Structure formats: C-alpha cells, structure tokens
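Source file: protein03.tsv; contents: TSV, C-alpha atoms.
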chain	number	residue	atom	x	y	z
U	1	MET	CA	98.64	50.69	133.08
U	2	ASP	CA	95.88	48.51	134.47
U	3	PRO	CA	92.36	49.27	133.22
U	4	SER	CA	90.88	50.12	136.61
U	5	ARG	CA	93.45	52.86	137.14
U	6	ARG	CA	92.75	54.36	133.73
U	7	LYS	CA	89.04	54.46	134.56
U	8	THR	CA	89.72	56.38	137.77
U	9	GLU	CA	91.76	58.93	135.85
U	10	THR	CA	88.97	59.42	133.37
U	11	LEU	CA	86.52	60.08	136.16
U	12	ASP	CA	88.90	62.58	137.78
U	13	ALA	CA	89.28	64.45	134.52
U	14	LYS	CA	85.57	64.89	133.90
U	15	ALA	CA	84.85	67.47	136.58
U	16	PRO	CA	87.80	69.72	135.59
U	17	ALA	CA	86.81	69.40	131.92
U	18	ALA	CA	83.29	70.53	132.79
U	19	ALA	CA	84.69	73.39	134.89
U	20	ILE	CA	86.91	74.57	132.01
U	21	VAL	CA	84.02	74.46	129.54
U	22	ALA	CA	81.86	76.38	132.01
U	23	GLY	CA	84.68	78.91	132.42
U	24	LEU	CA	84.95	79.34	128.66
U	25	LYS	CA	81.24	79.99	128.39
U	26	ASN	CA	81.30	82.40	131.34
U	27	ALA	CA	84.07	84.22	129.48
U	28	GLY	CA	81.73	84.56	126.50
U	29	ILE	CA	83.54	82.07	124.27
U	30	ASP	CA	81.30	80.50	121.64
U	31	PHE	CA	83.74	79.17	119.01
U	32	VAL	CA	86.50	76.66	119.86
U	33	ALA	CA	89.12	75.06	117.60
U	34	THR	CA	90.95	72.05	119.00
U	35	LEU	CA	93.73	69.58	118.34
U	36	PRO	CA	94.04	66.83	120.93
U	37	ASP	CA	96.64	65.94	123.47
U	38	GLU	CA	96.09	62.77	125.46
U	39	LYS	CA	95.77	64.87	128.61
U	40	MET	CA	92.91	66.91	127.18
U	41	LEU	CA	90.65	64.16	125.85
U	42	GLU	CA	87.93	64.82	128.42
U	43	LEU	CA	88.15	68.56	127.83
U	44	ILE	CA	87.80	68.23	124.07
U	45	ARG	CA	84.97	65.73	124.51
U	46	ALA	CA	83.20	68.25	126.75
U	47	VAL	CA	83.67	70.99	124.12
U	48	GLU	CA	82.31	68.69	121.42
U	49	ASN	CA	79.26	67.79	123.50
U	50	ASP	CA	78.33	71.36	124.41
U	51	ALA	CA	75.70	72.78	122.09
U	52	ALA	CA	76.63	76.38	123.02
U	53	LEU	CA	80.14	75.99	121.58
U	54	ARG	CA	80.87	75.73	117.86
U	55	HIS	CA	83.64	73.10	117.78
U	56	VAL	CA	86.11	72.96	114.90
U	57	PRO	CA	88.55	70.02	115.10
U	58	LEU	CA	91.83	70.85	113.35
U	59	CYS	CA	94.45	68.98	111.34
U	60	ARG	CA	97.21	71.45	112.28
U	61	GLU	CA	97.07	74.21	114.84
U	62	GLU	CA	98.18	77.06	112.56
U	63	GLU	CA	95.07	76.80	110.40
U	64	GLY	CA	93.03	77.11	113.59
U	65	ILE	CA	94.51	80.56	114.20
U	66	GLY	CA	93.20	81.50	110.73
U	67	ILE	CA	89.76	79.95	111.23
U	68	CYS	CA	89.38	81.68	114.60
U	69	ALA	CA	90.55	84.99	113.10
U	70	GLY	CA	87.85	84.79	110.44
U	71	ALA	CA	85.22	83.90	113.01
U	72	TYR	CA	86.32	86.79	115.25
U	73	LEU	CA	85.91	89.29	112.42
U	74	ALA	CA	82.29	88.15	112.15
U	75	GLY	CA	81.61	88.53	115.87
U	76	LYS	CA	82.53	85.18	117.42
U	77	LYS	CA	84.54	84.93	120.64
U	78	THR	CA	87.17	82.36	119.94
U	79	ALA	CA	89.46	79.97	121.78
U	80	ILE	CA	91.93	77.34	120.62
U	81	ILE	CA	92.80	74.26	122.66
U	82	MET	CA	96.13	72.66	121.78
U	83	GLN	CA	99.37	71.28	123.12
U	84	ASN	CA	102.47	73.47	123.40
U	85	ALA	CA	103.95	71.76	120.33
U	86	GLY	CA	100.88	73.06	118.52
U	87	PHE	CA	101.52	76.54	119.85
U	88	LEU	CA	104.97	76.34	118.29
U	89	ASN	CA	103.33	75.21	115.04
U	90	SER	CA	101.18	78.34	115.13
U	91	CYS	CA	103.81	81.01	115.67
U	92	ASN	CA	103.79	82.43	112.13
U	93	ALA	CA	100.01	82.77	112.04
U	94	LEU	CA	99.99	84.23	115.55
U	95	THR	CA	102.51	86.84	114.36
U	96	THR	CA	101.29	87.71	110.87
U	97	THR	CA	97.56	87.28	111.48
U	98	SER	CA	96.75	87.67	115.20
U	99	LEU	CA	99.33	90.32	116.09
U	100	GLN	CA	99.54	92.06	112.72
U	101	PHE	CA	95.77	92.53	112.48
U	102	GLN	CA	95.26	92.89	116.25
U	103	ILE	CA	92.95	89.91	116.57
U	104	PRO	CA	92.40	88.38	120.02
U	105	ILE	CA	92.26	84.66	120.72
U	106	LEU	CA	92.19	82.78	124.00
U	107	MET	CA	94.78	79.99	123.83
U	108	LEU	CA	94.38	77.03	126.17
U	109	ILE	CA	97.71	75.25	125.88
U	110	TYR	CA	98.50	71.92	127.51
U	111	TYR	CA	101.87	72.35	129.19
U	112	ALA	CA	103.73	69.21	128.11
U	113	GLY	CA	107.13	69.05	129.78
U	114	ASP	CA	105.91	71.01	132.77
U	115	ILE	CA	107.61	70.27	136.10
U	116	GLY	CA	107.18	66.55	136.81
U	117	ASP	CA	105.97	65.67	133.28
U	118	ARG	CA	108.14	62.96	131.72
U	119	GLY	CA	109.09	62.78	128.05
U	120	PHE	CA	108.64	66.39	126.93
U	121	ALA	CA	111.40	68.28	128.71
U	122	THR	CA	112.68	69.95	125.53
U	123	LEU	CA	109.23	71.20	124.61
U	124	GLY	CA	108.57	72.34	128.15
U	125	THR	CA	111.84	74.26	128.24
U	126	VAL	CA	111.08	76.45	125.21
U	127	THR	CA	107.37	77.05	125.88
U	128	GLU	CA	107.36	79.99	128.28
U	129	PRO	CA	110.36	81.77	126.67
U	130	VAL	CA	108.65	81.63	123.25
U	131	LEU	CA	105.36	82.90	124.70
U	132	GLN	CA	107.30	85.75	126.30
U	133	ALA	CA	109.23	86.51	123.13
U	134	MET	CA	105.95	86.90	121.28
U	135	GLY	CA	104.65	89.23	123.96
U	136	PHE	CA	101.72	87.04	124.97
U	137	ARG	CA	100.50	87.44	128.51
U	138	THR	CA	100.58	83.98	130.04
U	139	TYR	CA	98.94	82.36	133.04
U	140	VAL	CA	99.87	78.91	134.32
U	141	LEU	CA	96.73	77.28	135.68
U	142	ARG	CA	97.48	74.80	138.49
U	143	LYS	CA	94.50	75.02	140.82
U	144	LYS	CA	91.02	73.90	139.91
U	145	ASP	CA	89.39	76.64	141.95
U	146	GLU	CA	91.12	79.25	139.78
U	147	ILE	CA	89.73	77.97	136.47
U	148	ASP	CA	86.77	80.30	136.19
U	149	THR	CA	88.44	83.56	137.26
U	150	THR	CA	91.50	82.84	135.13
U	151	LEU	CA	89.56	82.06	131.95
U	152	ARG	CA	87.20	85.01	132.35
U	153	GLY	CA	90.08	87.34	133.15
U	154	ALA	CA	92.23	86.09	130.29
U	155	GLN	CA	89.42	86.63	127.79
U	156	ILE	CA	88.88	90.20	129.05
U	157	LEU	CA	92.60	90.82	128.53
U	158	ALA	CA	92.48	89.30	125.05
U	159	GLU	CA	89.50	91.43	124.02
U	160	ASP	CA	90.82	94.66	125.47
U	161	SER	CA	94.39	94.24	124.22
U	162	LYS	CA	93.20	92.70	120.91
U	163	ARG	CA	96.00	90.16	121.25
U	164	PRO	CA	96.28	86.45	121.98
U	165	VAL	CA	96.43	85.49	125.66
U	166	ALA	CA	97.79	82.12	126.82
U	167	VAL	CA	96.53	79.94	129.66
U	168	LEU	CA	98.82	76.96	130.24
U	169	LEU	CA	96.89	73.92	131.42
U	170	THR	CA	98.75	71.59	133.75
U	171	LYS	CA	98.11	67.98	134.74
U	172	SER	CA	96.97	69.04	138.19
U	173	VAL	CA	94.24	71.28	136.84
U	174	LEU	CA	93.13	68.77	134.20
U	175	GLY	CA	92.89	66.01	136.80
U	176	VAL	CA	95.16	63.65	134.88
U	177	ALA	CA	98.26	61.74	135.86
V	178	MET	CA	96.28	81.45	78.77
V	179	LYS	CA	94.68	84.32	80.69
V	180	GLN	CA	95.91	86.10	83.78
V	181	ARG	CA	94.20	86.09	87.17
V	182	TYR	CA	92.92	89.60	86.54
V	183	ASP	CA	90.89	88.41	83.53
V	184	TYR	CA	89.21	85.73	85.63
V	185	LEU	CA	88.49	88.09	88.53
V	186	LYS	CA	87.02	90.65	86.14
V	187	ALA	CA	84.72	87.98	84.73
V	188	ILE	CA	82.99	87.37	88.08
V	189	ALA	CA	83.30	90.80	89.74
V	190	GLY	CA	79.79	91.78	88.68
V	191	ASP	CA	78.33	88.51	89.98
V	192	ALA	CA	79.85	88.69	93.46
V	193	GLY	CA	77.19	90.95	94.98
V	194	ASP	CA	77.88	91.67	98.64
V	195	ALA	CA	79.97	88.51	99.09
V	196	LEU	CA	82.88	88.84	101.49
V	197	ALA	CA	86.22	88.27	99.77
V	198	VAL	CA	89.42	87.09	101.43
V	199	CYS	CA	92.47	87.58	99.23
V	200	THR	CA	96.17	86.82	99.22
V	201	GLY	CA	99.20	88.21	97.39
V	202	TRP	CA	98.80	90.29	94.26
V	203	GLY	CA	95.30	88.98	93.76
V	204	ALA	CA	94.18	91.34	96.53
V	205	ARG	CA	95.02	94.43	94.51
V	206	GLU	CA	93.39	93.01	91.40
V	207	TRP	CA	90.19	92.03	93.19
V	208	SER	CA	89.91	95.45	94.85
V	209	ALA	CA	90.31	97.06	91.44
V	210	VAL	CA	87.46	95.05	89.89
V	211	ARG	CA	85.22	94.82	92.99
V	212	PRO	CA	86.06	97.70	95.37
V	213	SER	CA	84.44	97.08	98.75
V	214	ASP	CA	85.08	97.26	102.47
V	215	GLY	CA	84.05	93.60	102.39
V	216	ASN	CA	87.49	92.71	100.94
V	217	LEU	CA	90.22	91.52	103.30
V	218	LYS	CA	93.86	90.99	102.36
V	219	THR	CA	95.55	88.32	104.48
V	220	ARG	CA	99.23	88.37	105.40
V	221	THR	CA	99.99	84.77	106.46
V	222	LEU	CA	100.90	82.68	103.42
V	223	GLY	CA	98.40	79.83	103.24
V	224	LEU	CA	95.76	81.07	105.65
V	225	VAL	CA	93.46	82.72	103.11
V	226	SER	CA	91.25	79.61	102.89
V	227	SER	CA	91.20	79.09	106.67
V	228	ILE	CA	90.29	82.72	107.43
V	229	ALA	CA	87.58	82.60	104.77
V	230	ALA	CA	86.29	79.36	106.28
V	231	GLY	CA	86.09	80.94	109.74
V	232	LEU	CA	84.02	83.78	108.29
V	233	ALA	CA	81.81	81.36	106.39
V	234	LEU	CA	81.15	79.28	109.52
V	235	ALA	CA	80.34	82.38	111.57
V	236	LEU	CA	78.03	83.84	108.88
V	237	PRO	CA	76.34	80.85	107.24
V	238	HIS	CA	73.79	83.06	105.44
V	239	ARG	CA	76.52	85.11	103.74
V	240	LYS	CA	78.62	84.20	100.69
V	241	VAL	CA	82.36	84.12	101.27
V	242	ILE	CA	84.95	83.93	98.50
V	243	ALA	CA	88.55	82.82	99.12
V	244	ILE	CA	90.93	84.00	96.40
V	245	ASP	CA	93.84	81.60	96.76
V	246	GLY	CA	97.13	81.05	94.92
V	247	ASP	CA	99.09	77.85	94.37
V	248	GLY	CA	101.90	78.77	96.77
V	249	ALA	CA	99.42	79.54	99.55
V	250	PHE	CA	97.23	76.53	98.70
V	251	LEU	CA	100.18	74.13	98.92
V	252	MET	CA	101.36	75.63	102.19
V	253	ASN	CA	98.04	74.90	103.91
V	254	LEU	CA	97.03	71.51	102.52
V	255	CYS	CA	96.10	70.30	106.00
V	256	GLY	CA	93.54	73.10	106.15
V	257	LEU	CA	91.51	71.47	103.38
V	258	PRO	CA	90.23	68.40	105.28
V	259	THR	CA	89.38	70.70	108.19
V	260	ILE	CA	87.28	72.92	105.91
V	261	ALA	CA	85.70	69.93	104.15
V	262	LEU	CA	84.74	68.39	107.51
V	263	GLN	CA	82.89	71.59	108.47
V	264	ASN	CA	81.55	71.78	104.91
V	265	PRO	CA	80.51	75.45	104.74
V	266	GLY	CA	78.19	75.60	101.73
V	267	ASN	CA	78.53	79.36	101.51
V	268	LEU	CA	82.30	79.21	100.86
V	269	ILE	CA	83.52	79.45	97.26
V	270	HIS	CA	87.22	78.66	97.11
V	271	LEU	CA	88.94	80.06	94.01
V	272	LEU	CA	92.45	78.92	93.14
V	273	PHE	CA	94.60	80.72	90.58
V	274	ASP	CA	97.54	78.51	89.74
V	275	ASN	CA	100.45	80.20	87.96
V	276	GLU	CA	102.91	77.53	89.14
V	277	VAL	CA	105.21	80.11	90.76
V	278	TYR	CA	105.61	82.01	94.02
V	279	GLU	CA	104.76	85.20	92.16
V	280	ALA	CA	104.79	87.59	95.10
V	281	SER	CA	108.11	86.15	96.32
V	282	GLY	CA	110.13	86.51	93.12
V	283	GLY	CA	108.80	83.88	90.72
V	284	THR	CA	110.41	80.64	91.87
V	285	ALA	CA	108.51	77.50	90.78
V	286	THR	CA	106.03	75.88	93.15
V	287	ALA	CA	105.32	72.13	93.08
V	288	SER	CA	101.91	72.72	91.50
V	289	HIS	CA	103.07	71.81	87.95
V	290	ASN	CA	103.54	68.30	89.32
V	291	SER	CA	100.40	68.00	91.43
V	292	ASP	CA	96.67	68.42	90.89
V	293	ALA	CA	94.83	70.83	93.18
V	294	VAL	CA	91.39	69.58	92.17
V	295	MET	CA	92.29	65.99	93.03
V	296	ILE	CA	93.81	67.19	96.29
V	297	ALA	CA	90.63	69.08	97.20
V	298	LYS	CA	88.41	66.14	96.29
V	299	GLY	CA	90.66	63.81	98.25
V	300	ALA	CA	90.39	66.17	101.22
V	301	GLY	CA	86.60	65.88	101.12
V	302	TYR	CA	85.44	68.83	99.03
V	303	ARG	CA	82.11	67.81	97.46
V	304	HIS	CA	82.80	69.90	94.34
V	305	ALA	CA	86.15	70.75	92.79
V	306	THR	CA	86.84	71.48	89.15
V	307	TRP	CA	89.40	72.92	86.74
V	308	VAL	CA	88.24	75.56	84.31
V	309	LYS	CA	90.04	76.57	81.12
V	310	THR	CA	88.27	79.76	80.06
V	311	THR	CA	86.85	82.83	81.78
V	312	GLU	CA	83.39	81.94	80.43
V	313	GLU	CA	83.59	78.48	81.99
V	314	PHE	CA	84.87	80.09	85.20
V	315	ARG	CA	81.93	82.47	85.35
V	316	ALA	CA	79.48	79.59	84.80
V	317	GLU	CA	81.09	77.43	87.52
V	318	PHE	CA	81.06	80.40	89.90
V	319	ALA	CA	77.34	80.87	89.29
V	320	SER	CA	76.72	77.14	89.86
V	321	ALA	CA	78.66	77.16	93.14
V	322	TRP	CA	76.76	80.24	94.27
V	323	ASN	CA	73.36	78.75	93.44
V	324	ARG	CA	73.81	75.24	94.78
V	325	ASN	CA	75.33	76.58	98.03
V	326	GLU	CA	77.74	73.69	98.56
V	327	LEU	CA	81.46	73.90	99.29
V	328	THR	CA	83.27	74.27	95.98
V	329	LEU	CA	86.81	74.74	94.70
V	330	ILE	CA	87.20	76.28	91.25
V	331	ALA	CA	90.75	76.21	89.94
V	332	ALA	CA	92.34	77.74	86.84
V	333	LYS	CA	95.85	77.60	85.42
V	334	ILE	CA	96.89	81.18	84.71
V	335	GLU	CA	99.78	83.18	83.27
V	336	PRO	CA	101.78	85.01	85.94
V	337	GLY	CA	101.60	88.80	85.97
V	338	GLN	CA	99.02	91.52	86.22
V	339	PRO	CA	97.98	94.57	84.20
V	340	LYS	CA	100.07	97.69	84.68
V	341	GLY	CA	98.63	100.69	86.47
V	342	LEU	CA	96.29	98.98	88.94
V	343	PRO	CA	95.68	101.29	91.89
V	344	PRO	CA	97.71	100.21	94.94
V	345	LEU	CA	95.88	99.12	98.09
V	346	ARG	CA	95.85	102.10	100.40
V	347	LEU	CA	95.02	100.19	103.59
V	348	ASP	CA	97.32	98.73	106.18
V	349	GLU	CA	96.16	95.58	108.02
V	350	ILE	CA	94.56	97.43	110.91
V	351	GLU	CA	92.52	99.81	108.77
V	352	ASN	CA	91.55	96.91	106.51
V	353	LYS	CA	90.36	94.97	109.57
V	354	TYR	CA	88.35	97.82	111.07
V	355	ARG	CA	86.71	98.75	107.79
V	356	PHE	CA	85.89	95.09	107.17
V	357	MET	CA	84.37	94.70	110.65
V	358	ARG	CA	82.43	97.98	110.41
V	359	TYR	CA	81.16	96.86	107.02
V	360	LEU	CA	79.96	93.60	108.59
V	361	GLU	CA	78.36	95.50	111.48
V	362	SER	CA	76.40	97.70	109.08
V	363	THR	CA	75.38	94.96	106.65
V	364	GLU	CA	74.62	92.39	109.38
V	365	LYS	CA	73.03	95.04	111.60
V	366	LYS	CA	74.79	93.89	114.75
V	367	ASN	CA	77.47	95.17	117.09
V	368	ILE	CA	80.68	93.19	116.66
V	369	LEU	CA	83.51	95.29	118.09
V	370	HIS	CA	83.75	95.17	121.85
V	371	PRO	CA	83.15	98.62	123.26
V	372	GLY	CA	86.39	98.33	125.27
V	373	PHE	CA	87.01	100.68	128.19
V	374	ASP	CA	83.58	102.26	127.74
V	375	SER	CA	82.03	98.85	128.22
V	376	LYS	CA	79.29	100.01	130.58
V	377	LEU	CA	77.48	101.54	127.62

What would the structure in this file look like if it were written as structure tokens?
Amino acid sequence: MDPSRRKTETLDAKAPAAAIVAGLKNAGIDFVATLPDEKMLELIRAVENDAALRHVPLCREEEGIGICAGAYLAGKKTAIIMQNAGFLNSCNALTTTSLQFQIPILMLIYYAGDIGDRGFATLGTVTEPVLQAMGFRTYVLRKKDEIDTTLRGAQILAEDSKRPVAVLLTKSVLGVA
Amino acid sequence: MKQRYDYLKAIAGDAGDALAVCTGWGAREWSAVRPSDGNLKTRTLGLVSSIAAGLALALPHRKVIAIDGDGAFLMNLCGLPTIALQNPGNLIHLLFDNEVYEASGGTATASHNSDAVMIAKGAGYRHATWVKTTEEFRAEFASAWNRNELTLIAAKIEPGQPKGLPPLRLDEIENKYRFMRYLESTEKKNILHPGFDSKL
C-alpha cells in the first residue's frame, strides 16, 4: 500500500474513533480493557488518550473479562475492546465469571471475516453463532450515525440484564479499508 | 512442610478489612479463618489474580489480597505482565504451591519444574519472594502491606486441608451481592444500579 493512501485511511478512522469513545462515555463507561486489532488502532489510541477512561491494555482477552469483573464489583462501568478471535479466547471467563456471577460487560468486538473482509472467513463464520449460543444480545454496527444510540442502548441492556452485551464493529463504522 | 491453612491462619488477624479474592479449596479455608462479606470465591480457573487486580485498580485506597494456587497461576501467566504494567500497589498476590491440581483430583502441575517467583519478576512484579515458614510469611505480608507496592509472596505447601472446616454456604450470586453490599457500606457509595426503579 502506498503511504499516501495509508494516511488517508488514518484520517478517516479518527472521527469514528472519537465518536465511539464519546458514545462509551455517554453510556457511562469509565473503565476499558483492550487488545488491538489493526482495524481498531485509532479507537484504542483514542481510549488511551482520554483522561476520563481508565485504560488497561491486555496480553490475552480472557484476563480482561476478569479485570473488568473485579472493577465492576467496585462500581466501575466496564467495556472490553477486542477482535472476534479474542472473544473466542474469552468464552470460559464469559461463562464462569460473567454469566455465572451475573456481571455485565460491554463488548466491542471487531468483526474480522465480516462480509467483504478478506482473510478471516473462518473466524467470521463462527462469530455470530457462538455469540448466540452463549445467549449474548448482539448488535452489528455498520452506520456511523448509529454509534451513540447503539452504545448507550447496549450498556443499558448490559446493566439491566447483568450480562455481557456484544456490539460488533465493522470496517464501515470504523472508517477503515 | 505446612498446609495452606496454616499460612492463611498466620495472617488472618493482620488482614483487617482487606478484600480477599480466593480460588479452589483456599476459599473455604480463608473464610474459616477470616469470615467476611469482603471475601469472594472465583469460579474461572486462573482469573483470581485478574479479578483481584480489577478490584485493586478500582479501589486504590483499599487493600486487596489474591489467594492463588499453582494450577490457577500457571493457567493465567499472561495476566501477570498485564497486572505488573498497571502496578497496583494495594494488591498482595499470595501463591500457595502444592504442585498439584488439588481441586481437580490431584494430578501434578508443571510447578515442580518452574519457579513462580522468577516468573512474576520476569513479568514485571517489583517484589516477589518465596517463603519457607509461616513466620516468614507473616513478616513478608506485613512488609507488602506497609510498603504498598505490588508483591507476590509464594510458599510451597503440602496438599490437603484440616477436616471439619465449615462449608461455604453461598452460591456465586449471593456471594457477589453480599460482596457488593459490603463494598457499598464500607466505601459509603451506591454501586448497584437501581434497575427498573432507576428514576429514584
């Protein structure tokens, strides 16, 4: 890829990243664990640079479910930002900590292998069935103007149901190619 | 060699109102020596240190104790650099290493061939040390408490526990609610979302 094109993509991703961070804060989120995907670099940078969010970078997603559970018990409103492979990594903790103790968490999951996304078709194929099997209400976010209502609504659902809720982030909403 | 119960008994009186996150049979033992609604028994093997770290980050003025075992510790090695990077000084990470998966039938873990203290130091823990006696354990616990820096204290122990310990009478949900209500009353803040009556 030529450098000028990469720069354009970075610029396009900044506004959506800011909108997602604003949506998280409007939803009351103040504690965010992350593990990067290339498509979410701007988003994670925006989380890191926001003084109102406690950012915890992870080494593996499953420990983030534990860290967020502990923070929730003490009154934090928590989110985790990860790729769908990381969601699969987290399934035991989501079952035996989040569900078993009825602990909410807002999951922002990059949808690798989504329609039109090359290289991750296997991962994309299992993502929504696994989310369904675990009973997690799931919203696929494709339009930038739906970021705020979706994040605020998903967090209300998570708090009221005391369960994880998933928002799948797509390339179109992240402003990346 | 002593059992975990002997070590837990040695510090129970020093733990004050510290929050304690436990795993496996250690949960029953800790609740016997330090009964409190500030005790939480985890159910995901390995996550005891991560859950304790989340609490410690959210309540930096409050002591948090993680009571870990070798099977759980080895399952969540990648959690250690994450904790060390955040460096919660109020977290005291205790590791009782009996070299077996005690709660799962007694099969050997890999801990007889690895060194948890070196692993923790390599992961970035400022302080990590083996202790050999309950007296040494109590002294190291007091040091960790007073210096308020992230610390792992590890002890090799004999498997097993005393007979006749009272069973834990809480399921996960009751344990969670009592723990959160205990935090609400000791922290003097509202934590649980009021739910459908949210206009109040």

*Residues of chain V near chain U: apply a cut-off of 9 Å, count only C-alpha atoms, and supply the list as a VMD selection string.*
chain V and resid 219 to 236 253 255 to 260 262 to 263 348 to 354 356 to 357 360 to 361 366 to 373

Write the residues of the preceding selection, restricted to C-alpha atoms, as a PDB file, keeping the file's coordinate frame.
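Heads up, here's the output in part15.pdb:
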ATOM      1  CA  THR V 219      95.550  88.320 104.480  1.00  0.00           C
ATOM      2  CA  ARG V 220      99.230  88.370 105.400  1.00  0.00           C
ATOM      3  CA  THR V 221      99.990  84.770 106.460  1.00  0.00           C
ATOM      4  CA  LEU V 222     100.900  82.680 103.420  1.00  0.00           C
ATOM      5  CA  GLY V 223      98.400  79.830 103.240  1.00  0.00           C
ATOM      6  CA  LEU V 224      95.760  81.070 105.650  1.00  0.00           C
ATOM      7  CA  VAL V 225      93.460  82.720 103.110  1.00  0.00           C
ATOM      8  CA  SER V 226      91.250  79.610 102.890  1.00  0.00           C
ATOM      9  CA  SER V 227      91.200  79.090 106.670  1.00  0.00           C
ATOM     10  CA  ILE V 228      90.290  82.720 107.430  1.00  0.00           C
ATOM     11  CA  ALA V 229      87.580  82.600 104.770  1.00  0.00           C
ATOM     12  CA  ALA V 230      86.290  79.360 106.280  1.00  0.00           C
ATOM     13  CA  GLY V 231      86.090  80.940 109.740  1.00  0.00           C
ATOM     14  CA  LEU V 232      84.020  83.780 108.290  1.00  0.00           C
ATOM     15  CA  ALA V 233      81.810  81.360 106.390  1.00  0.00           C
ATOM     16  CA  LEU V 234      81.150  79.280 109.520  1.00  0.00           C
ATOM     17  CA  ALA V 235      80.340  82.380 111.570  1.00  0.00           C
ATOM     18  CA  LEU V 236      78.030  83.840 108.880  1.00  0.00           C
ATOM     19  CA  ASN V 253      98.040  74.900 103.910  1.00  0.00           C
ATOM     20  CA  CYS V 255      96.100  70.300 106.000  1.00  0.00           C
ATOM     21  CA  GLY V 256      93.540  73.100 106.150  1.00  0.00           C
ATOM     22  CA  LEU V 257      91.510  71.470 103.380  1.00  0.00           C
ATOM     23  CA  PRO V 258      90.230  68.400 105.280  1.00  0.00           C
ATOM     24  CA  THR V 259      89.380  70.700 108.190  1.00  0.00           C
ATOM     25  CA  ILE V 260      87.280  72.920 105.910  1.00  0.00           C
ATOM     26  CA  LEU V 262      84.740  68.390 107.510  1.00  0.00           C
ATOM     27  CA  GLN V 263      82.890  71.590 108.470  1.00  0.00           C
ATOM     28  CA  ASP V 348      97.320  98.730 106.180  1.00  0.00           C
ATOM     29  CA  GLU V 349      96.160  95.580 108.020  1.00  0.00           C
ATOM     30  CA  ILE V 350      94.560  97.430 110.910  1.00  0.00           C
ATOM     31  CA  GLU V 351      92.520  99.810 108.770  1.00  0.00           C
ATOM     32  CA  ASN V 352      91.550  96.910 106.510  1.00  0.00           C
ATOM     33  CA  LYS V 353      90.360  94.970 109.570  1.00  0.00           C
ATOM     34  CA  TYR V 354      88.350  97.820 111.070  1.00  0.00           C
ATOM     35  CA  PHE V 356      85.890  95.090 107.170  1.00  0.00           C
ATOM     36  CA  MET V 357      84.370  94.700 110.650  1.00  0.00           C
ATOM     37  CA  LEU V 360      79.960  93.600 108.590  1.00  0.00           C
ATOM     38  CA  GLU V 361      78.360  95.500 111.480  1.00  0.00           C
ATOM     39  CA  LYS V 366      74.790  93.890 114.750  1.00  0.00           C
ATOM     40  CA  ASN V 367      77.470  95.170 117.090  1.00  0.00           C
ATOM     41  CA  ILE V 368      80.680  93.190 116.660  1.00  0.00           C
ATOM     42  CA  LEU V 369      83.510  95.290 118.090  1.00  0.00           C
ATOM     43  CA  HIS V 370      83.750  95.170 121.850  1.00  0.00           C
ATOM     44  CA  PRO V 371      83.150  98.620 123.260  1.00  0.00           C
ATOM     45  CA  GLY V 372      86.390  98.330 125.270  1.00  0.00           C
ATOM     46  CA  PHE V 373      87.010 100.680 128.190  1.00  0.00           C
TER      47      PHE V 373
END

*Neighbour list for Ala79 of chain U as an MDAnalysis selection string, cut-off 9 Å, only C-alpha atoms, skip fewer than 5 positions in-chain*: chainID U and resid 24 29:34 68 105:108 155

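Relative to atom CA of Thr138 of chain U, atom CA of Ala19 of chain U is found at 19.7 Å.
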
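Between atom CA of Leu168 of chain U and atom CA of Tyr110 of chain U lies a distance of 5.7 Å.
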
*If you count only C-alpha atoms, which residues fall within 9 Å of Pro343 of chain V, apart from same-chain ones fewer than 6 positions away, as number ranges by chain?*
V: 205-206, 208-209

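In this model, the gap between atom CA of Arg152 of chain U and atom CA of Leu99 of chain U comes to 21.0 Å.
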
*Find the residues around Ala17 of chain U up to 12 Å (all atoms listed in the file counted), leave out those fewer than 5 positions away in its own chain, and share them as a list in words.*
Thr10, Leu11, Asp12, Ala22, Gly23, Leu24, Lys39, Met40, Leu41, Glu42, Leu43, Ile44, Arg45, Ala46, Val47, Glu48, Asn49, Asp50, Lys144, Ile147, Asp148, Leu169, Lys171, Ser172, Val173, Leu174, Gly175 and Val176 of chain U

*Fewer than 5 positions away in the same chain doesn't count, so skip those; otherwise give me all residues within 8 Å of segment 308-312 of chain V, counting all atoms listed in the file, as a ChimeraX atom specification.*
/V:179,183-184,187,330-333

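Candidate residues U:Val130, U:Ala27, U:Ala85, U:Ile20 were compared for distance to Ala154 of chain U, and the nearest is U:Ala27, using all atoms listed in the file.
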
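Distances to Gly283 of chain V were evaluated for V:Gly193, V:Pro212, V:Gly248, V:Pro339 using all atoms listed in the file, and the minimum falls at V:Gly248.
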
*May I have the residues within 10 Å of Glu317 of chain V as a PyMOL selection string, using only C-alpha atoms and disregarding those fewer than 2 positions away in the same chain?*
chain V and resi 305-308+311-315+319-323+328-330

*Given all atoms listed in the file as the counted atoms, nearest of V:Ala204, V:Val241, V:Ile188, V:Ala197 to Asn216 of chain V*: V:Ala197

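If all atoms listed in the file are the atoms counted, then among V:Leu251, V:Val294, V:Ile242, V:Leu271 the closest residue to Ala192 of chain V is V:Ile242.
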
Is it possible to add N, CA and C atoms to segment 241-252 of chain V and hand it back as an mmCIF file, in the frame of the given file?
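Final output, saved to out-v4.cif:
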data_model
loop_
_atom_site.group_PDB
_atom_site.id
_atom_site.type_symbol
_atom_site.label_atom_id
_atom_site.label_comp_id
_atom_site.auth_asym_id
_atom_site.auth_seq_id
_atom_site.Cartn_x
_atom_site.Cartn_y
_atom_site.Cartn_z
ATOM 1 N N VAL V 241 80.964 83.779 101.027
ATOM 2 C CA VAL V 241 82.360 84.120 101.270
ATOM 3 C C VAL V 241 83.206 83.528 100.146
ATOM 4 N N ILE V 242 84.073 84.366 99.586
ATOM 5 C CA ILE V 242 84.950 83.930 98.500
ATOM 6 C C ILE V 242 86.390 83.949 98.997
ATOM 7 N N ALA V 243 87.113 82.853 98.838
ATOM 8 C CA ALA V 243 88.550 82.820 99.120
ATOM 9 C C ALA V 243 89.274 82.888 97.780
ATOM 10 N N ILE V 244 90.165 83.864 97.643
ATOM 11 C CA ILE V 244 90.930 84.000 96.400
ATOM 12 C C ILE V 244 92.363 83.550 96.687
ATOM 13 N N ASP V 245 92.632 82.308 96.335
ATOM 14 C CA ASP V 245 93.840 81.600 96.760
ATOM 15 C C ASP V 245 94.837 81.506 95.594
ATOM 16 N N GLY V 246 96.098 81.293 95.926
ATOM 17 C CA GLY V 246 97.130 81.050 94.920
ATOM 18 C C GLY V 246 97.777 79.702 95.174
ATOM 19 N N ASP V 247 98.544 79.198 94.216
ATOM 20 C CA ASP V 247 99.090 77.850 94.370
ATOM 21 C C ASP V 247 100.116 77.766 95.503
ATOM 22 N N GLY V 248 100.918 78.816 95.681
ATOM 23 C CA GLY V 248 101.900 78.770 96.770
ATOM 24 C C GLY V 248 101.200 78.697 98.129
ATOM 25 N N ALA V 249 100.180 79.527 98.292
ATOM 26 C CA ALA V 249 99.420 79.540 99.550
ATOM 27 C C ALA V 249 98.644 78.239 99.728
ATOM 28 N N PHE V 250 98.019 77.775 98.663
ATOM 29 C CA PHE V 250 97.230 76.530 98.700
ATOM 30 C C PHE V 250 98.098 75.359 99.167
ATOM 31 N N LEU V 251 99.302 75.262 98.576
ATOM 32 C CA LEU V 251 100.180 74.130 98.920
ATOM 33 C C LEU V 251 100.708 74.248 100.347
ATOM 34 N N MET V 252 100.845 75.478 100.834
ATOM 35 C CA MET V 252 101.360 75.630 102.190
ATOM 36 C C MET V 252 100.350 75.190 103.255
#
